[in-house]
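Before any comments, here is the structure.
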There are 4 protein chains.
Amino acid sequence: MNRCNGQRDPKRSRECILVAATAEFARYGLGGARVDRIATRAGANKRMLYYYFGNKDALFLAVLEASYAQIRSAELALDLDHLEPRAALRRLVAFTWRYFLDHPEFLTLLNSENLHRGRHVSQSRRVRELHSPLVETLRRLLRRGERLGLFRRGVDPVQLYISIAGEGYFYLSNRYTLSRIFGRDLMANVALARRARHNARMIVDALRKQPR
Amino acid sequence: MNRCNGQRDPKRSRECILVAATAEFARYGLGGARVDRIATRAGANKRMLYYYFGNKDALFLAVLEASYAQIRSAELALDLDHLEPRAALRRLVAFTWRYFLDHPEFLTLLNSENLHRGRHVSQSRRVRELHSPLVETLRRLLRRGERLGLFRRGVDPVQLYISIAGEGYFYLSNRYTLSRIFGRDLMANVALARRARHNARMIVDALRKQPR
Amino acid sequence: MNRCNGQRDPKRSRECILVAATAEFARYGLGGARVDRIATRAGANKRMLYYYFGNKDALFLAVLEASYAQIRSAELALDLDHLEPRAALRRLVAFTWRYFLDHPEFLTLLNSENLHRGRHVSQSRRVRELHSPLVETLRRLLRRGERLGLFRRGVDPVQLYISIAGEGYFYLSNRYTLSRIFGRDLMANVALARRARHNARMIVDALRKQPR
Amino acid sequence: MNRCNGQRDPKRSRECILVAATAEFARYGLGGARVDRIATRAGANKRMLYYYFGNKDALFLAVLEASYAQIRSAELALDLDHLEPRAALRRLVAFTWRYFLDHPEFLTLLNSENLHRGRHVSQSRRVRELHSPLVETLRRLLRRGERLGLFRRGVDPVQLYISIAGEGYFYLSNRYTLSRIFGRDLMANVALARRARHNARMIVDALRKQPR
DNA sequence: GATGAATGAGGGTTCATTCAT
DNA sequence: GATGAATGAACCCTCATTCAT
């Protein structure tokens, strides 16, 4: 967010606003986010938000699209096709956990969007298009595992992806309530490392082919 | 919500407000909820919310506590201690999925509370106390399974609970974005039934003891 | 506008707001009117405008309806049915002129509403209903005059009313531009008296039956 | 408004802006007009409005002056001096009606200017100068009619002009409210034709010399 | 002569909350 | 225990105008 103010650099201005908006929406949700705070954080005039994005909702959608684009591009960089299937699976699980951990804003943004019943995402073609590759990668991964007799048959890549994400999502998204409820600090380093191992074990074991 | 207005029945008035508040908070989140709408839905005067609960935040906490109490009491009614361990596990998984499906407000309330960093729950002794029994039940269940050679060793009941919940939570909480992203209606009956089976399979298989 | 603030007198509060709004809308038009100024003039909290009227447009409509109601009730008080037709006509012309002169806000409100293409009035049943009596009174007046051989036949009461109003309206509504253009102060007392005579003469002469 | 954009033709640019501004001011009034919309309509950069006209008020004055110039030049073209007095009068009435009907923007501009208490026009020498000829023409017309025993004596040309204009102005300027109030579409072709006849009759009859 | 980017004041409206009865 | 009236802070957004190029 260095040097975001004034100097007539549209690209930078836009980017600064987007970054500031991401932080604000992540922290307070769509409803709780304040346009004034976004502008201040971005070092921009409030009017500029409207100049570049139109209104608060459109800005939120832009934030959402950028967030999706980011995780998708990180996923693609994993290059799962050239790893042994079980290793690839572990890698995806570890990555997903790590990504959620490093990008808590992503979880909050998803929550906000779903609270609003997917209002913004349903109008976005871009978000829809970003996902096809991931599912296909998972499908190939599952097929390779099946052929090698490592994974059980009939696993739906979409269901699997949701399970992988779900393992980390519930833990991290509800970190505050769960820590309170279970009387443990789930965000302590030891706890995080433990959960990472647990996640990997759960997914890999669940896919493993049954011996007869 | 039948007959919630007027006739000077304190208990009923309080209950009506609580029910209305639950619906409102679930639908719009803490920030998006409107005190006016809650009063209207409850058929009560706005001033009564303050009379009975103090303020919006306290009302939210009351709603949260009631929601936790409800799911916990339903869990206790499962009577897992008298079932065969694998059956008990399947029952818990099925119950959790079903509960989340039937009580979408519970998911939204959790999201809201975590967006606010557990601000309310951290002040509530009651919420903390509600959970010890659940963990102990799970611990007994796991131990029984281990002894019978059905489950692998070393599974933490808290981690397991989070996994069970996570399988359903991510799917249901993000129903709108996921449906959009994957181009499927995840809430169609067929899709829901499929997911229920998937969940059970994942958890049970993941706990199963490895053959050597 | 005496004692308009605070003392929990809903009727008075509402009335105060309406009076203040009338002045503000008359002075600045719908678009130029400021909600803040109305509240200040009314000695009320800005929030109250919304409490009583909903929003700016609804408030404008309320002002408009009240204005129409006022002039119509004044017209009815003229009791034209019991006067000699020509006297009745002169009385109506004089009244209309006087009313426009004493209630310049009425002209401005009409202008505003028509600038907005009758958006508000078109949703008001009340405004429509207020006018049938006026037309009927005029119709009776014309018929009486015809029968007595004083007025020419075939005059439409609506057209006549528009002519009567038009005589004063153009002069008064455009007082500033016309004064400038013709280099006369049209609002000087002499000028006003002269116009009043002119109006009466024009209308009465125009209706008078042609000798053959 | 054909080809108003870009190609560095100062005269055309200025004209385009003026045309666009006329439409905008006519439609929304001075206060409701938007500088952005004017620029867009004119196919010009917003900065150009300020380059050519200074500011919004100055632009409004320019529009007003142009509008006055136009109607005045059209009036002069009527050549009333060579017609029989009653025919000349009918011609002026018909022309005025027709002009108001064909140039509704003129009415709205006048309303706006008067709402603002003639603020712009009072600073314009040009507007003042444009009118003398018309009054003189009317004066000659009246005198000719008097001499021929057709018109009554003592009619002030300014008052007459205002009456002629008023007949059409009130009807057309308040077209929306009147149509609503009287439950008739005053802008239907039949209604317009009827009003044209009514206007002529009213004015001509009112001027006609009384038989003794 | 022409442009896109930037500004700050203020627009209507909504909010949780409290007062007086 | 219950009510309608009142409050003031703040929210999202828009405006005419100007700056830098």
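By order in the structure tokens, chains are A, B, ...; within a chain, residues start at 1; ligands start at 1, following the order shown.
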If you count only C-alpha atoms (C1' of nucleotides), which residues fall within 12 Å of DG8 (chain E), apart from same-chain ones fewer than 2 positions away, as a VMD selection string?
-> (chain A and resid 45 to 47) or (chain E and resid 6 10) or (chain F and resid 14 to 18)
Fit chain A to chain C, all Cα atoms paired in order, least squares. Then write it as a CSV table (one decimal) with C-alpha atoms, in the first residue's frame.
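Here's the written file superposed-v4.csv:
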chain,number,residue,atom,x,y,z
A,1,MET,CA,-44.3,27.7,13.3
A,2,ASN,CA,-44.4,28.6,17.0
A,3,ARG,CA,-43.2,25.9,19.3
A,4,CYS,CA,-42.6,23.2,16.9
A,5,ASN,CA,-39.9,21.3,18.7
A,6,GLY,CA,-39.8,18.3,20.8
A,7,GLN,CA,-42.8,18.2,23.1
A,8,ARG,CA,-44.2,14.9,21.9
A,9,ASP,CA,-47.1,16.3,20.1
A,10,PRO,CA,-47.3,14.2,16.9
A,11,LYS,CA,-49.9,16.2,15.2
A,12,ARG,CA,-48.0,19.4,15.8
A,13,SER,CA,-44.8,17.9,14.7
A,14,ARG,CA,-46.2,16.6,11.5
A,15,GLU,CA,-47.9,19.9,10.8
A,16,CYS,CA,-44.7,21.8,11.5
A,17,ILE,CA,-42.7,19.7,9.1
A,18,LEU,CA,-45.4,20.1,6.5
A,19,VAL,CA,-45.4,23.8,6.8
A,20,ALA,CA,-41.6,24.0,6.6
A,21,ALA,CA,-41.5,21.6,3.7
A,22,THR,CA,-44.0,23.7,1.8
A,23,ALA,CA,-41.9,26.8,2.2
A,24,GLU,CA,-38.7,25.0,1.2
A,25,PHE,CA,-40.2,23.2,-1.8
A,26,ALA,CA,-41.8,26.4,-2.9
A,27,ARG,CA,-38.6,28.3,-2.7
A,28,TYR,CA,-36.2,25.9,-4.2
A,29,GLY,CA,-38.3,23.3,-6.1
A,30,LEU,CA,-38.3,19.6,-5.4
A,31,GLY,CA,-34.7,19.1,-6.6
A,32,GLY,CA,-33.3,22.1,-4.9
A,33,ALA,CA,-35.1,21.6,-1.6
A,34,ARG,CA,-32.8,20.4,1.2
A,35,VAL,CA,-34.1,18.0,3.8
A,36,ASP,CA,-31.8,19.5,6.3
A,37,ARG,CA,-33.2,22.9,5.9
A,38,ILE,CA,-36.7,21.6,6.2
A,39,ALA,CA,-35.9,19.9,9.4
A,40,THR,CA,-34.2,23.0,10.8
A,41,ARG,CA,-37.1,25.2,9.8
A,42,ALA,CA,-39.5,22.8,11.4
A,43,GLY,CA,-37.5,22.7,14.5
A,44,ALA,CA,-37.5,19.0,14.2
A,45,ASN,CA,-34.9,16.3,14.0
A,46,LYS,CA,-34.2,15.2,10.4
A,47,ARG,CA,-35.1,11.7,11.2
A,48,MET,CA,-38.6,12.8,11.9
A,49,LEU,CA,-39.3,13.7,8.3
A,50,TYR,CA,-38.8,10.1,7.5
A,51,TYR,CA,-40.7,8.9,10.5
A,52,TYR,CA,-43.7,10.8,9.4
A,53,PHE,CA,-43.5,10.9,5.7
A,54,GLY,CA,-41.2,8.2,4.5
A,55,ASN,CA,-39.0,10.1,2.2
A,56,LYS,CA,-38.5,13.3,0.3
A,57,ASP,CA,-40.8,12.5,-2.5
A,58,ALA,CA,-43.6,11.3,-0.3
A,59,LEU,CA,-43.2,14.6,1.7
A,60,PHE,CA,-43.4,16.5,-1.5
A,61,LEU,CA,-46.6,14.7,-2.4
A,62,ALA,CA,-48.1,15.5,1.0
A,63,VAL,CA,-47.2,19.1,0.5
A,64,LEU,CA,-48.8,19.1,-2.9
A,65,GLU,CA,-52.0,17.4,-1.6
A,66,ALA,CA,-52.3,19.8,1.2
A,67,SER,CA,-51.9,22.8,-1.2
A,68,TYR,CA,-54.5,21.5,-3.5
A,69,ALA,CA,-56.9,20.8,-0.7
A,70,GLN,CA,-56.4,24.4,0.5
A,71,ILE,CA,-57.2,26.1,-2.7
A,72,ARG,CA,-60.1,23.8,-3.4
A,73,SER,CA,-61.6,24.5,0.0
A,74,ALA,CA,-61.2,28.2,-0.6
A,75,GLU,CA,-62.9,27.9,-4.0
A,76,LEU,CA,-65.8,26.1,-2.5
A,77,ALA,CA,-66.3,28.8,0.1
A,78,LEU,CA,-66.9,31.3,-2.8
A,79,ASP,CA,-70.5,30.1,-3.0
A,80,LEU,CA,-70.9,31.0,-6.7
A,81,ASP,CA,-74.2,29.3,-7.1
A,82,HIS,CA,-76.1,32.2,-5.4
A,83,LEU,CA,-74.6,35.0,-7.4
A,84,GLU,CA,-75.7,36.6,-10.6
A,85,PRO,CA,-73.7,34.8,-13.4
A,86,ARG,CA,-71.5,37.7,-14.4
A,87,ALA,CA,-70.9,38.7,-10.8
A,88,ALA,CA,-70.0,35.1,-10.0
A,89,LEU,CA,-67.6,34.9,-12.9
A,90,ARG,CA,-65.9,38.1,-11.8
A,91,ARG,CA,-65.7,36.8,-8.3
A,92,LEU,CA,-64.0,33.6,-9.4
A,93,VAL,CA,-61.5,35.5,-11.6
A,94,ALA,CA,-60.7,37.9,-8.7
A,95,PHE,CA,-60.4,35.1,-6.3
A,96,THR,CA,-58.1,33.1,-8.5
A,97,TRP,CA,-55.8,36.0,-9.1
A,98,ARG,CA,-55.8,36.9,-5.4
A,99,TYR,CA,-55.1,33.3,-4.4
A,100,PHE,CA,-52.1,33.0,-6.7
A,101,LEU,CA,-50.9,36.3,-5.5
A,102,ASP,CA,-51.1,35.4,-1.8
A,103,HIS,CA,-49.9,31.8,-2.3
A,104,PRO,CA,-46.9,32.0,-4.6
A,105,GLU,CA,-45.8,28.7,-3.3
A,106,PHE,CA,-48.7,27.1,-5.0
A,107,LEU,CA,-47.4,28.1,-8.4
A,108,THR,CA,-44.0,26.9,-7.7
A,109,LEU,CA,-45.2,23.6,-6.5
A,110,LEU,CA,-47.2,23.1,-9.6
A,111,ASN,CA,-44.2,23.9,-11.7
A,112,SER,CA,-42.0,21.5,-9.8
A,113,GLU,CA,-44.5,18.7,-10.1
A,114,ASN,CA,-44.9,19.3,-13.9
A,115,LEU,CA,-41.1,19.4,-14.3
A,116,HIS,CA,-41.2,15.9,-12.8
A,117,ARG,CA,-44.0,15.0,-15.2
A,118,GLY,CA,-46.7,14.7,-12.6
A,119,ARG,CA,-44.8,11.8,-11.0
A,120,HIS,CA,-46.2,12.3,-7.6
A,121,VAL,CA,-49.7,13.5,-8.4
A,122,SER,CA,-50.3,10.5,-10.7
A,123,GLN,CA,-50.0,8.3,-7.6
A,124,SER,CA,-52.4,10.3,-5.6
A,125,ARG,CA,-56.1,9.4,-5.5
A,126,ARG,CA,-56.8,12.3,-3.2
A,127,VAL,CA,-55.7,15.0,-5.7
A,128,ARG,CA,-57.9,13.6,-8.4
A,129,GLU,CA,-60.9,13.5,-6.2
A,130,LEU,CA,-60.6,17.1,-5.0
A,131,HIS,CA,-61.5,18.6,-8.4
A,132,SER,CA,-64.8,17.3,-9.5
A,133,PRO,CA,-66.9,19.8,-7.5
A,134,LEU,CA,-65.2,22.8,-9.1
A,135,VAL,CA,-65.8,21.8,-12.6
A,136,GLU,CA,-69.5,21.1,-11.8
A,137,THR,CA,-69.8,24.5,-10.2
A,138,LEU,CA,-68.4,26.2,-13.3
A,139,ARG,CA,-70.7,24.1,-15.6
A,140,ARG,CA,-73.8,25.3,-13.6
A,141,LEU,CA,-72.5,28.9,-13.8
A,142,LEU,CA,-72.1,28.7,-17.5
A,143,ARG,CA,-75.5,27.2,-18.1
A,144,ARG,CA,-77.2,29.9,-16.0
A,145,GLY,CA,-75.4,32.5,-18.0
A,146,GLU,CA,-76.4,31.0,-21.3
A,147,ARG,CA,-80.0,30.7,-20.3
A,148,LEU,CA,-80.1,34.4,-19.3
A,149,GLY,CA,-78.6,35.3,-22.7
A,150,LEU,CA,-75.4,36.6,-21.0
A,151,PHE,CA,-72.8,34.1,-22.1
A,152,ARG,CA,-72.2,32.6,-25.5
A,153,ARG,CA,-72.9,28.9,-25.9
A,154,GLY,CA,-70.6,26.0,-26.0
A,155,VAL,CA,-68.0,27.1,-23.5
A,156,ASP,CA,-66.3,24.1,-21.8
A,157,PRO,CA,-65.9,24.6,-18.1
A,158,VAL,CA,-62.5,23.0,-18.0
A,159,GLN,CA,-61.2,25.2,-20.8
A,160,LEU,CA,-62.7,28.2,-19.0
A,161,TYR,CA,-61.0,27.3,-15.8
A,162,ILE,CA,-57.7,27.0,-17.4
A,163,SER,CA,-58.1,30.4,-19.1
A,164,ILE,CA,-59.0,32.1,-15.8
A,165,ALA,CA,-56.0,30.5,-14.1
A,166,GLY,CA,-53.8,31.1,-17.0
A,167,GLU,CA,-54.4,34.9,-17.0
A,168,GLY,CA,-52.9,35.1,-13.5
A,169,TYR,CA,-50.5,32.2,-13.7
A,170,PHE,CA,-48.3,33.4,-16.5
A,171,TYR,CA,-48.0,36.9,-15.1
A,172,LEU,CA,-47.2,35.8,-11.6
A,173,SER,CA,-45.2,32.6,-12.2
A,174,ASN,CA,-42.9,34.5,-14.6
A,175,ARG,CA,-42.8,37.7,-12.6
A,176,TYR,CA,-39.0,37.9,-12.6
A,177,THR,CA,-38.4,37.2,-16.3
A,178,LEU,CA,-41.3,39.3,-17.4
A,179,SER,CA,-40.4,42.3,-15.2
A,180,ARG,CA,-36.9,42.1,-16.7
A,181,ILE,CA,-38.0,41.7,-20.3
A,182,PHE,CA,-40.6,44.4,-20.3
A,183,GLY,CA,-38.6,46.7,-18.1
A,184,ARG,CA,-41.4,47.1,-15.6
A,185,ASP,CA,-41.8,46.0,-12.0
A,186,LEU,CA,-44.8,43.8,-12.5
A,187,MET,CA,-45.1,43.3,-8.7
A,188,ALA,CA,-45.6,47.0,-7.9
A,189,ASN,CA,-49.0,47.6,-6.3
A,190,VAL,CA,-50.2,49.7,-9.2
A,191,ALA,CA,-49.2,47.1,-11.7
A,192,LEU,CA,-50.9,44.4,-9.7
A,193,ALA,CA,-54.1,46.4,-9.5
A,194,ARG,CA,-54.0,47.0,-13.2
A,195,ARG,CA,-53.5,43.4,-14.0
A,196,ALA,CA,-56.5,42.4,-11.8
A,197,ARG,CA,-58.7,44.7,-13.8
A,198,HIS,CA,-57.3,43.4,-17.0
A,199,ASN,CA,-57.9,39.8,-16.1
A,200,ALA,CA,-61.6,40.4,-15.2
A,201,ARG,CA,-62.2,42.4,-18.3
A,202,MET,CA,-60.6,39.8,-20.6
A,203,ILE,CA,-62.5,36.8,-19.2
A,204,VAL,CA,-65.9,38.5,-18.9
A,205,ASP,CA,-65.7,40.1,-22.3
A,206,ALA,CA,-64.6,36.9,-23.9
A,207,LEU,CA,-67.6,35.0,-22.6
A,208,ARG,CA,-70.2,37.7,-23.4
A,209,LYS,CA,-72.8,36.8,-25.9
A,210,GLN,CA,-72.2,38.3,-29.3
A,211,PRO,CA,-74.9,40.6,-30.6
A,212,ARG,CA,-76.1,39.7,-34.0
Distance filter 9 Å, only C-alpha atoms (C1' of nucleotides), chain E against chain D, as a count of residues only | 3
Compute the chain F side of the contact with chain B at 9 Å, counting only C-alpha atoms (C1' of nucleotides), and hand it back as a PyMOL selection string.
-> chain F and resi 1-3
Using DSSP on the backbone, list every residue of region 29-211 of chain A that comes out as helix (DSSP H, G or I), and give them as an MDAnalysis selection string.
-> chainID A and resid 29:32 35:42 46:53 56:76 80:82 85:102 104:115 121:123 125:130 132:147 157:173 175:182 189:207
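A straight line drawn from C1' of DT18 (chain E) to C1' of DT7 (chain F) is 8.0 Å long.
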